[in-house]
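Peer 1: Structure supplied as data_17.txt; contents: compact mmCIF, C-alpha atoms.
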# COMPACT_ATOMS: atom_id res chain seq x y z
CA MET L 1 106.92 116.37 83.36
CA ALA L 2 105.42 117.55 80.08
CA TRP L 3 106.30 114.34 78.26
CA MET L 4 104.42 112.12 80.71
CA SER L 5 100.94 113.15 79.57
CA CYS L 6 101.92 112.09 76.07
CA LEU L 7 103.62 108.88 77.16
CA VAL L 8 100.61 107.49 78.99
CA ALA L 9 98.85 107.29 75.64
CA LEU L 10 101.70 105.36 74.05
CA ALA L 11 101.57 102.20 72.02
CA PHE L 12 99.18 101.82 69.13
CA VAL L 13 96.94 104.73 70.00
CA PRO L 14 96.47 108.37 69.01
CA SER L 15 98.12 110.36 71.77
CA ALA L 16 95.65 111.88 74.19
CA CYS L 17 97.68 115.09 74.12
CA LYS L 18 97.84 115.15 70.32
CA ARG L 19 94.54 116.07 68.71
CA SER L 20 95.71 117.58 65.41
CA THR L 21 97.80 116.29 62.51
CA PRO L 22 100.80 114.52 64.00
CA GLU L 23 104.20 116.09 63.69
CA ALA L 24 106.98 114.27 61.91
CA THR L 25 108.17 111.31 63.94
CA PRO L 26 111.81 110.33 64.37
CA THR L 27 113.10 107.82 61.84
CA ALA L 28 116.45 106.50 60.79
CA SER L 29 116.39 109.02 57.93
CA THR L 30 115.41 112.09 60.03
CA PRO L 31 118.03 114.80 59.39
CA PRO L 32 120.00 115.05 62.63
CA THR L 33 120.14 118.31 64.52
CA GLN L 34 123.61 119.52 65.36
CA ALA L 35 125.15 118.95 68.75
CA PRO L 36 125.96 122.09 70.75
CA ALA L 37 129.18 123.72 69.63
CA GLU L 38 130.80 123.14 72.99
CA SER L 39 130.14 119.39 72.83
CA LYS L 40 132.92 117.23 71.50
CA ALA L 41 130.58 114.27 70.97
CA ALA L 42 130.26 112.89 67.46
CA TYR L 43 126.49 112.55 67.80
CA SER L 44 123.65 115.06 67.80
CA ASP L 45 120.62 115.45 70.01
CA GLN L 46 118.59 113.64 67.35
CA ASP L 47 121.12 110.80 67.38
CA ILE L 48 120.62 110.48 71.15
CA SER L 49 116.85 110.36 70.68
CA ASP L 50 117.05 107.76 67.91
CA ALA L 51 119.54 105.60 69.82
CA TRP L 52 117.52 105.71 73.04
CA ILE L 53 114.28 104.72 71.30
CA TYR L 54 116.04 101.90 69.45
CA LEU L 55 117.72 100.57 72.60
CA LEU L 56 114.47 100.76 74.58
CA GLY L 57 112.97 98.11 72.31
CA ARG L 58 115.57 95.58 73.48
CA LEU L 59 115.39 96.69 77.11
CA LEU L 60 111.63 96.05 77.17
CA VAL L 61 112.12 92.43 76.08
CA LEU L 62 114.96 91.90 78.56
CA ARG L 63 112.83 93.34 81.35
CA GLN L 64 110.04 90.85 80.58
CA GLN L 65 112.50 87.98 80.22
CA LYS L 66 114.01 88.69 83.64
CA ALA L 67 110.51 88.91 85.15
CA ASP L 68 109.52 85.57 83.60
CA LEU L 69 112.63 83.76 84.82
CA ALA L 70 112.18 85.25 88.29
CA GLU L 71 108.62 83.92 88.24
CA GLY L 72 109.96 80.41 87.70
CA PHE L 73 110.06 79.79 83.95
CA LYS L 74 112.34 76.89 83.06
CA TRP L 75 114.01 76.75 79.66
CA ASN L 76 112.22 74.61 77.08
CA GLU L 77 109.24 73.95 79.34
CA MET L 78 105.77 75.25 78.54
CA ILE L 79 103.57 77.00 81.09
CA HIS L 80 99.82 76.82 80.46
CA ARG L 81 97.97 79.91 81.68
CA LYS L 82 94.36 79.97 82.76
CA PRO L 83 92.24 82.07 80.38
CA GLY L 84 92.82 85.73 81.14
CA ALA L 85 95.72 85.10 83.55
CA VAL L 86 98.55 86.90 81.77
CA GLU L 87 100.64 89.86 82.88
CA TRP L 88 101.43 92.03 79.88
CA PRO L 89 99.77 94.94 78.07
CA ASN L 90 96.81 94.41 75.76
CA PRO L 91 96.17 90.72 76.44
CA ASN L 92 94.00 88.83 73.98
CA LEU L 93 91.10 87.52 76.05
CA ASP L 94 89.80 85.43 73.12
CA VAL L 95 92.51 82.80 73.59
CA ALA L 96 94.13 80.53 76.14
CA TYR L 97 97.86 81.30 76.30
CA SER L 98 100.77 78.98 76.89
CA GLU L 99 104.25 80.44 77.33
CA ALA L 100 107.89 79.40 77.32
CA TRP L 101 111.46 80.53 76.83
CA VAL L 102 113.30 78.28 74.38
CA ALA L 103 117.02 77.69 73.99
CA VAL L 104 118.51 75.88 70.99
CA ASP L 105 122.08 75.57 69.70
CA GLU L 106 124.27 73.69 67.25
CA ASP L 107 123.68 70.41 69.12
CA SER L 108 120.15 70.69 70.50
CA CYS L 109 116.73 71.43 69.06
CA THR L 110 113.42 71.88 70.86
CA ILE L 111 110.60 69.49 69.99
CA VAL L 112 107.16 71.10 70.05
CA THR L 113 104.17 68.77 70.11
CA VAL L 114 101.02 70.21 68.54
CA PRO L 115 97.70 68.35 68.87
CA LYS L 116 95.17 68.08 66.08
CA VAL L 117 92.99 71.20 66.20
CA SER L 118 89.86 71.48 64.06
CA LYS L 119 87.74 74.56 63.37
CA ARG L 120 89.54 76.61 66.01
CA TYR L 121 92.32 79.17 65.69
CA TYR L 122 95.70 78.27 67.14
CA THR L 123 99.33 79.14 66.63
CA VAL L 124 102.69 78.62 68.35
CA GLN L 125 104.64 81.85 67.92
CA PHE L 126 108.41 82.22 68.41
CA LEU L 127 109.97 85.66 68.99
CA ASN L 128 113.57 86.75 69.36
CA GLY L 129 115.08 89.06 71.94
CA TRP L 130 113.97 92.18 70.07
CA GLY L 131 110.33 91.12 69.79
CA GLU L 132 110.63 89.93 66.19
CA THR L 133 108.52 86.93 65.19
CA VAL L 134 110.83 84.30 63.71
CA ALA L 135 108.33 81.42 63.30
CA ASN L 136 104.70 80.36 63.70
CA ILE L 137 103.47 76.78 63.81
CA ASN L 138 99.88 76.38 62.64
CA GLU L 139 97.86 74.97 59.75
CA ARG L 140 98.73 77.99 57.58
CA THR L 141 102.51 77.66 57.86
CA GLN L 142 102.44 73.84 58.00
CA ALA L 143 99.59 73.04 55.64
CA LYS L 144 100.84 69.54 54.74
CA ARG L 145 101.22 68.45 58.36
CA PRO L 146 99.74 70.90 60.88
CA ALA L 147 99.81 68.56 63.88
CA GLY L 148 102.46 66.31 65.42
CA ASP L 149 106.07 66.95 66.44
CA PHE L 150 108.05 69.93 65.18
CA ALA L 151 111.77 70.41 65.80
CA VAL L 152 112.73 74.05 66.18
CA CYS L 153 116.45 74.15 65.35
CA LEU L 154 119.17 76.73 64.99
CA GLN L 155 120.03 77.21 61.35
CA GLY L 156 122.88 74.84 60.46
CA ALA L 157 122.46 72.69 63.57
CA ASN L 158 123.49 69.05 63.03
CA VAL L 159 120.94 67.20 65.17
CA THR L 160 119.48 63.75 64.56
CA LEU L 161 115.72 64.05 64.96
CA PRO L 162 113.09 61.40 65.66
CA ALA L 163 111.17 60.04 62.70
CA ASN L 164 108.05 61.92 61.59
CA THR L 165 109.35 65.19 62.98
CA THR L 166 109.06 68.38 60.93
CA ARG L 167 112.14 70.58 61.21
CA ILE L 168 111.78 74.38 61.43
CA ASP L 169 115.01 76.40 61.27
CA VAL L 170 115.33 79.69 63.16
CA PRO L 171 118.11 82.30 63.06
CA VAL L 172 118.55 82.73 66.84
CA LYS L 173 119.40 80.60 69.87
CA TYR L 174 116.97 82.05 72.40
CA MET L 175 113.27 82.72 71.89
CA ARG L 176 110.06 83.63 73.66
CA VAL L 177 107.11 81.35 72.81
CA LEU L 178 103.41 82.17 72.90
CA ALA L 179 100.95 79.45 71.99
CA ARG L 180 97.39 80.66 71.49
CA VAL L 181 94.25 78.50 71.35
CA GLU L 182 90.96 80.17 70.54
CA LEU L 183 88.50 79.89 73.44
CA GLY L 184 85.38 80.17 71.27
CA ASP L 185 82.08 79.08 72.81
CA ASN L 186 83.54 76.01 74.56
CA TRP L 187 86.27 77.04 76.99
CA ASP L 188 86.63 73.58 78.51
CA GLN L 189 87.41 72.09 75.13
CA ALA L 190 89.87 74.88 74.36
CA VAL L 191 91.70 74.44 77.68
CA ALA L 192 91.87 70.67 77.15
CA LEU L 193 93.51 71.29 73.76
CA GLN L 194 95.84 73.90 75.26
CA HIS L 195 97.23 71.33 77.70
CA LYS L 196 98.08 68.96 74.84
CA PHE L 197 100.71 71.41 73.55
CA SER L 198 104.14 70.58 75.00
CA MET L 199 107.87 70.89 74.35
CA HIS L 200 111.22 69.44 75.34
CA ALA L 201 114.84 69.84 74.30
CA THR L 202 116.70 67.07 72.47
CA GLY L 203 119.92 67.82 74.36
CA GLU L 204 121.57 70.09 76.91
CA THR L 205 121.71 73.80 76.15
CA THR L 206 123.41 76.69 77.90
CA PRO L 207 121.02 79.46 78.97
CA PRO L 208 122.13 82.97 78.07
CA SER L 209 123.87 85.25 80.53
CA LEU L 210 121.50 88.22 80.71
CA PRO L 211 123.09 91.68 80.90
CA ALA L 212 122.23 94.08 83.69
CA ILE L 213 119.55 96.64 82.83
CA PRO L 214 118.05 99.52 84.81
CA ASP L 215 114.78 99.11 86.68
CA PHE L 216 111.93 100.93 84.93
CA ASP L 217 108.26 100.82 84.02
CA VAL L 218 106.03 102.61 81.54
CA GLN L 219 105.65 105.60 83.85
CA HIS L 220 109.36 105.75 84.68
CA LEU L 221 111.33 105.03 81.52
CA PRO L 222 115.12 104.99 81.90
CA GLY L 223 117.20 108.06 81.29
CA VAL L 224 120.94 108.05 80.65
CA GLU L 225 121.20 104.85 82.69
CA ALA L 226 119.78 103.04 79.65
CA PHE L 227 123.22 103.45 78.04
CA GLU L 228 125.33 102.37 81.03
CA ASN L 229 125.52 98.74 79.92
CA ALA L 230 124.38 99.25 76.34
CA PRO L 231 127.24 97.41 74.57
CA ALA L 232 126.54 94.27 76.62
CA VAL L 233 122.81 94.66 75.93
CA LEU L 234 123.43 94.83 72.17
CA ASP L 235 125.92 91.96 72.29
CA SER L 236 123.48 89.77 74.21
CA GLU L 237 121.14 89.47 71.21
CA LYS L 238 122.08 90.29 67.63
CA ASP L 239 119.52 92.38 65.80
CA ILE L 240 118.72 90.15 62.81
CA ASN L 241 117.16 92.96 60.77
CA ALA L 242 119.10 94.67 58.02
CA GLY L 243 119.49 98.43 58.23
CA MET L 244 120.05 98.62 61.99
CA ASP L 245 123.85 98.98 62.05
CA ALA L 246 123.88 102.78 61.94
CA VAL L 247 121.53 103.30 64.88
CA ALA L 248 123.25 100.53 66.86
CA ALA L 249 126.57 102.31 66.28
CA LYS L 250 125.03 105.46 67.75
CA VAL L 251 124.10 103.48 70.86
CA ARG L 252 127.70 102.33 71.30
CA ALA L 253 129.09 105.83 70.71
CA ILE L 254 126.78 107.32 73.32
CA ALA L 255 127.62 104.56 75.80
CA ALA L 256 131.28 105.54 75.42
CA GLY L 257 130.53 109.25 75.54
CA ILE L 258 128.70 109.19 78.87
CA GLN L 259 131.90 108.14 80.64
CA ASP L 260 132.53 111.89 80.71
CA PRO L 261 130.37 113.44 83.50
CA ALA L 262 129.47 116.52 81.47
CA GLU L 263 128.44 114.41 78.49
CA ARG L 264 126.46 112.10 80.76
CA ALA L 265 124.49 115.08 82.04
CA ARG L 266 123.87 116.29 78.49
CA VAL L 267 122.63 112.89 77.31
CA ASP L 268 120.30 112.55 80.28
CA LYS L 269 118.87 116.01 79.60
CA VAL L 270 118.29 115.20 75.91
CA ILE L 271 116.57 111.92 76.79
CA HIS L 272 114.11 113.59 79.15
CA GLU L 273 113.51 116.73 77.11
CA LYS L 274 113.61 115.29 73.60
CA ALA L 275 113.77 111.50 73.25
CA GLN L 276 110.84 110.78 75.55
CA VAL L 277 108.84 113.55 73.89
CA ASP L 278 109.70 112.16 70.45
CA LEU L 279 108.47 108.76 71.58
CA GLY L 280 105.22 110.26 72.87
CA LYS L 281 104.59 112.11 69.61
CA ALA L 282 105.35 109.01 67.56
CA SER L 283 102.67 107.11 69.46
CA ALA L 284 100.00 109.16 67.68
CA THR L 285 100.39 106.96 64.60
CA ILE L 286 102.31 104.04 66.13
CA GLY L 287 105.35 105.41 64.36
CA HIS L 288 104.51 105.12 60.70
CA GLY L 289 100.96 103.80 60.97
CA ARG L 290 97.79 105.33 59.54
CA VAL L 291 94.73 106.88 61.18
CA GLN L 292 91.15 106.87 59.92
CA ASN L 293 87.93 107.34 61.90
CA ASN L 294 90.36 107.96 64.80
CA TRP L 295 91.40 104.31 64.74
CA VAL L 296 95.11 103.63 64.26
CA ARG L 297 96.40 100.79 62.11
CA PRO L 298 100.13 100.16 62.62
CA ALA L 299 102.43 99.96 59.61
CA VAL L 300 104.41 97.08 61.10
CA VAL L 301 103.69 94.49 63.78
CA GLY L 302 105.45 91.23 64.61
CA THR L 303 108.16 91.68 61.97
CA TYR L 304 109.64 95.14 61.53
CA ASN L 305 112.38 95.22 58.86
CA ASP L 306 114.29 98.44 59.62
CA ASP L 307 111.45 100.18 61.49
CA TRP L 308 112.98 100.30 64.96
CA LEU L 309 110.58 103.07 65.97
CA GLY L 310 107.50 100.93 65.30
CA ARG L 311 109.12 97.95 67.01
CA THR L 312 109.81 99.84 70.21
CA LEU L 313 106.28 101.27 70.31
CA VAL L 314 104.79 97.81 69.85
CA ASN L 315 107.05 96.30 72.52
CA LEU L 316 106.03 99.09 74.89
CA GLY L 317 102.28 98.82 74.35
CA GLY L 318 101.64 95.21 73.34
CA ILE L 319 104.71 93.05 73.75
CA TRP L 320 104.67 89.69 71.91
CA ALA L 321 102.46 90.99 69.09
CA ASN L 322 102.22 88.58 66.17
CA ARG L 323 102.64 89.14 62.43
CA MET L 324 99.99 91.00 60.46
CA ASP L 325 99.15 87.95 58.37
CA GLU L 326 98.00 86.34 61.65
CA VAL L 327 96.24 89.28 63.28
CA VAL L 328 95.66 92.97 62.68
CA TYR L 329 95.25 95.28 65.65
CA TYR L 330 93.49 98.66 65.60
CA LYS L 331 93.91 101.00 68.54
CA GLY L 332 91.84 104.03 69.43
CA ASN L 333 91.46 106.40 72.35
CA LEU L 334 89.52 109.16 70.60
CA ASP L 335 85.89 109.39 69.56
CA GLY L 336 84.81 110.46 66.07
CA ASP L 337 85.28 114.12 67.00
CA GLY L 338 88.84 113.58 68.18
CA VAL L 339 88.09 113.78 71.92
CA GLN L 340 89.60 111.38 74.45
CA LEU L 341 87.31 108.47 75.39
CA ASN L 342 86.10 108.68 78.98
CA GLY L 343 84.12 106.12 80.94
CA SER L 344 81.55 108.66 82.07
CA HIS L 345 80.18 109.01 78.55
CA THR L 346 78.15 106.72 76.31
CA TYR L 347 79.53 105.89 72.86
CA THR L 348 78.14 103.80 70.03
CA MET L 349 79.84 102.11 67.12
CA THR L 350 77.65 100.91 64.24
CA PHE L 351 78.60 98.49 61.47
CA PRO L 352 76.41 98.49 58.33
CA LYS L 353 74.70 95.19 57.55
CA ASP L 354 76.96 94.62 54.52
CA ASP L 355 80.15 95.52 56.43
CA LEU L 356 80.00 93.51 59.65
CA PRO L 357 83.21 92.48 61.47
CA PRO L 358 83.13 88.77 60.40
CA LYS L 359 83.57 89.97 56.81
CA TYR L 360 87.18 90.78 57.64
CA ALA L 361 88.24 87.82 59.79
CA ASP L 362 88.69 84.19 58.81
CA TYR L 363 88.72 83.26 62.49
CA PHE L 364 87.39 85.78 65.00
CA TRP L 365 87.25 89.44 65.99
CA SER L 366 86.92 91.24 69.32
CA VAL L 367 87.14 94.64 71.01
CA ILE L 368 88.42 95.29 74.55
CA ALA L 369 88.80 98.39 76.71
CA VAL L 370 92.07 98.99 78.58
CA ASP L 371 93.48 101.70 80.80
CA PRO L 372 95.63 104.25 78.91
CA VAL L 373 98.76 103.85 81.05
CA PHE L 374 99.42 100.14 81.58
CA ALA L 375 96.96 98.79 78.93
CA ARG L 376 95.33 96.41 81.41
CA VAL L 377 91.70 95.37 81.05
CA LEU L 378 89.25 97.37 83.12
CA PRO L 379 87.37 95.72 85.99
CA ASN L 380 83.61 96.15 86.11
CA PRO L 381 80.71 94.64 88.09
CA LYS L 382 79.61 92.43 85.19
CA ASN L 383 83.12 90.98 84.70
CA ARG L 384 82.60 91.63 81.01
CA PHE L 385 85.89 92.58 79.38
CA LEU L 386 85.30 92.27 75.66
CA LEU L 387 82.69 92.03 72.93
CA ASN L 388 83.01 89.34 70.28
CA ARG L 389 81.01 86.80 68.32
CA GLU L 390 80.44 84.73 71.48
CA SER L 391 78.80 87.68 73.26
CA GLY L 392 75.32 86.86 71.95
CA LEU L 393 75.15 90.18 70.11
CA LYS L 394 71.77 91.47 68.95
CA TYR L 395 71.50 92.97 65.49
CA ASN L 396 69.38 95.96 64.53
CA ALA L 397 66.19 95.55 62.50
CA ASP L 398 68.01 96.52 59.30
CA GLY L 399 70.77 93.94 59.91
CA SER L 400 73.36 96.44 61.14
CA LEU L 401 75.26 95.97 64.41
CA THR L 402 75.66 98.61 67.14
CA LEU L 403 78.11 98.23 70.01
CA TYR L 404 77.79 100.35 73.15
CA PHE L 405 80.51 101.60 75.50
CA ALA L 406 79.16 103.20 78.68
CA PRO L 407 79.40 103.11 82.50
CA GLU L 408 75.75 102.01 82.76
CA LYS L 409 73.72 100.10 80.21
CA PRO L 410 71.97 102.58 77.88
CA ALA L 411 68.21 102.15 77.84
CA ASP L 412 68.16 101.34 74.13
CA ALA L 413 71.12 98.93 74.23
CA PRO L 414 70.70 95.15 74.16
CA ASP L 415 72.64 93.93 77.18
CA PRO L 416 75.02 91.65 75.18
CA ASN L 417 76.06 94.63 73.02
CA TRP L 418 77.23 96.73 75.98
CA LEU L 419 80.83 96.90 77.22
CA PRO L 420 80.98 98.55 80.68
CA THR L 421 83.51 101.38 81.05
CA PRO L 422 84.93 103.02 84.23
CA ALA L 423 83.03 106.18 85.15
CA GLY L 424 85.25 109.23 85.25
CA LYS L 425 88.33 107.51 83.83
CA ASP L 426 89.95 107.70 80.41
CA TYR L 427 90.41 104.48 78.47
CA ARG L 428 91.26 103.18 75.03
CA LEU L 429 90.06 100.36 72.83
CA THR L 430 91.83 97.54 71.04
CA PHE L 431 90.06 95.96 68.04
CA ARG L 432 91.43 92.65 66.73
CA PHE L 433 90.84 90.69 63.53
CA TYR L 434 92.35 87.18 63.59
CA GLY L 435 92.90 85.67 60.18
CA PRO L 436 92.62 89.11 58.54
CA LYS L 437 91.14 89.25 55.07
CA GLY L 438 89.81 91.77 52.59
CA GLY L 439 90.23 95.39 53.59
CA VAL L 440 91.76 94.50 56.95
CA ALA L 441 94.48 92.43 55.25
CA ASP L 442 95.28 95.03 52.57
CA GLY L 443 95.04 98.05 54.90
CA SER L 444 92.06 99.76 53.28
CA TYR L 445 89.57 99.07 56.10
CA PHE L 446 89.16 100.93 59.38
CA PRO L 447 86.45 100.32 61.99
CA PRO L 448 83.60 102.85 62.20
CA PRO L 449 84.09 105.92 64.42
CA LEU L 450 82.82 106.04 67.98
CA VAL L 451 79.87 108.40 68.32
CA LYS L 452 79.40 110.16 71.66
CA LYS L 453 75.74 109.97 72.75
CA SER L 454 75.89 111.43 76.25
What does the file become when written as structure tokens?

Peer 2:
Amino acid sequence: MAWMSCLVALAFVPSACKRSTPEATPTASTPPTQAPAESKAAYSDQDISDAWIYLLGRLLVLRQQKADLAEGFKWNEMIHRKPGAVEWPNPNLDVAYSEAWVAVDEDSCTIVTVPKVSKRYYTVQFLNGWGETVANINERTQAKRPAGDFAVCLQGANVTLPANTTRIDVPVKYMRVLARVELGDNWDQAVALQHKFSMHATGETTPPSLPAIPDFDVQHLPGVEAFENAPAVLDSEKDINAGMDAVAAKVRAIAAGIQDPAERARVDKVIHEKAQVDLGKASATIGHGRVQNNWVRPAVVGTYNDDWLGRTLVNLGGIWANRMDEVVYYKGNLDGDGVQLNGSHTYTMTFPKDDLPPKYADYFWSVIAVDPVFARVLPNPKNRFLLNRESGLKYNADGSLTLYFAPEKPADAPDPNWLPTPAGKDYRLTFRFYGPKGGVADGSYFPPPLVKKS
């Protein structure tokens, strides 16, 4: 299928099949094309595309939620992962993750215990069923009391809490939790801290009844079957963002329309021939993001306002992404000349001495290579999966820093500065700045281009 070569480059990256200026991407304000004259449906082909992309954002979260519960997650209990042992796209290998699904209601809150953490990044992130971040617990959001017990409560809940507990109100009953603890140069200490994070509910809660969804993966996105149970999918988790009512109404109208066999066939055809292609094209700039030096900086991450297109792209390529005041992600799969990165070639990336990565991060920075389809880290004989400040990087004589990406160590490359890449295979890079500041925080900075050497 023509759309598949575009889709494999989805999520935060310039599309591998899109080398020139990106075409207009679908938005809530895109003028709709007219439905065929013979169709009695009150929605156009563009409406189908918009509705499918919007709905896909929720389906992606539900798919992960069902997978987690099947794995054995229990509500309001935290699971501590070993460093690197996570199963979602674009994992952050700089941190130890802990995970949970949380349920709160009018009569029960969830108590989260946070240990004292000094000189090390950490956060406990809460996301709703659309992938929206609704809370973070860390020393930035809780400056007066960053450690201790925190009660995460549904807004308006009347719950008596233990003394010395900080209450945090959230607008939803069910949430995904990711706690992150920076590994730094002492992994044992980080893991010991990780295991001091815990949670428990103050009372009994009723887990949600999850609606049926079609089976799919990134290479086999759902067609018309996405709409078969769409009203129940929408009803299972209210979209808390303003400006989503119109596109949600399109979803419901299409779900009703496909009860007619002819209309069902039409919708399926539009999804495969237009909606999936629209999604692939939109990936070139992560929806409404910006590109410079062939690095892409998303316009929205973690909280999305009315940008359902950006939200779906983020959920597809890096589910559970945090807010941009916590971390800024840059994605790139093209070198400085606009050609797809391939593991058979050698590339360099040089930072001037007065513009080194730590200038833009209060906490840490890193770069990883992932495969362009599933965004998983790439195995290599050195078991080296990222470059960061703990890599023992060697600086050039003039104080600048050069990073190397190649299948074999270049002769002129210091070993710590080399990230192995898979010979003969395409890949893409993810650059992270945690605690963004300066040009990374205000959007004016982009990493240097990748220069192909051989």

Peer 1: Choose the residue, out of L:Val247, L:Met175, L:Leu154, L:Val267, that has the smallest atom-to-atom separation from Trp101 of chain L; count only C-alpha atoms.

Peer 2: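 The shortest atom-to-atom distance to Trp101 of chain L comes from L:Met175.
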
Peer 1: For segment 376-388 of chain L, please output as a list in words all residues within 6 Å (counting all atoms listed in the file; exclusion window: fewer than 2 positions along the same chain).

Peer 2: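 Once the nearby chain positions are removed, what remains is Pro89, Ser366, Val367, Ile368, Val370, Asp371, Phe374, Glu390 and Ser391 of chain L.
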
Peer 1: Would you write out, as a tab-separated table, a table of all residues in segment 96-162 of chain L that have an atom no more than 9 Å from an atom of segment 60-75 of chain L, listing for each the closest atom pair and the distance in Å to one decimal, considering only C-alpha atoms and ordering rows by chain and rising residue number?

Peer 2:
residue	atom	partner	partner_atom	distance
L:Glu99	CA	L:Phe73	CA	8.8
L:Ala100	CA	L:Phe73	CA	7.0
L:Trp101	CA	L:Trp75	CA	5.4
L:Val102	CA	L:Trp75	CA	5.5
L:Ala103	CA	L:Trp75	CA	6.5
L:Asn128	CA	L:Val61	CA	8.9
L:Gly129	CA	L:Val61	CA	6.1
L:Trp130	CA	L:Val61	CA	6.3
L:Gly131	CA	L:Val61	CA	6.7

Peer 1: Tell me, in Å to one decimal, how far atom CA of Ser236 of chain L is from atom CA of Asp47 of chain L.

Peer 2: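 Spanning atom CA of Ser236 of chain L to atom CA of Asp47 of chain L is a straight-line distance of 22.2 Å.
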
Peer 1: Please identify all polymer residues lying at most 9 Å from the point (88.1, 76.4, 67.3) (file coordinates), using all atoms listed in the file, and present the result as a ChimeraX atom specification.

Peer 2: /L:117-122,181-186,189-190,363

Peer 1: For a test of reading the model, state the distance in Å between atom CA of Arg297 of chain L and atom CA of Val124 of chain L, rounded to one decimal.

Peer 2: 23.9 Å

Peer 1: Using all atoms listed in the file for the distances, tell me which of L:Asp307, L:Glu273, L:Asp260, L:Asp337 is nearest to Gly223 of chain L.

Peer 2: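 The closest residue to Gly223 of chain L is L:Glu273.
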
Peer 1: Between atom CA of Gly243 of chain L and atom CA of Tyr54 of chain L, measure the distance and give it in Å to one decimal.

Peer 2: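 Rounded to one decimal, the two atoms are 12.2 Å apart.
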
Peer 1: Which residues are close to Gly336 of chain L, i.e. within 7 Å by only C-alpha atoms, leaving aside same-chain residues fewer than 6 positions away? Reply as a list in words.

Peer 2: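 Everything that qualifies: Asn293, Asn294, Pro449, Leu450 and Val451 of chain L.
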
Peer 1: From the set L:Lys331, L:Lys196, L:Arg432, L:Lys359, which residue has the shortest atom-to-atom contact distance to Ala284 of chain L, counting all atoms listed in the file?

Peer 2: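 Between L:Lys331, L:Lys196, L:Arg432, L:Lys359, the residue approaching Ala284 of chain L most closely is L:Lys331.
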
Peer 1: I'd like to know which of L:Pro261, L:Pro298, L:Gly435, L:Gly318 is closest to Thr123 of chain L, using all atoms listed in the file.

Peer 2: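 Of the candidates, the smallest distance to Thr123 of chain L is held by L:Gly435.
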
Peer 1: Write out as a list in words the residues lying within 9 Å of Met244 of chain L, counting all atoms listed in the file and excluding same-chain residues fewer than 2 positions away.

Peer 2: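 Once the adjacent positions are removed, what remains is Ala28, Asp239, Ile240, Asn241, Ala242, Ala246, Val247, Ala248, Ala249, Asn305, Asp306, Asp307 and Trp308 of chain L.
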
Peer 1: Please determine, counting all atoms listed in the file, which residue among L:Cys109, L:Ala85, L:Val373, L:Met349 has the shortest atom-to-atom distance to Leu403 of chain L.

Peer 2: L:Met349

Peer 1: Here is a test: counting only C-alpha atoms, which residue of L:Pro448, L:Gly156, L:Gly57, L:Pro407 is nearest to Leu221 of chain L?

Peer 2: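 Using only C-alpha atoms, the shortest distance to Leu221 of chain L belongs to L:Gly57.
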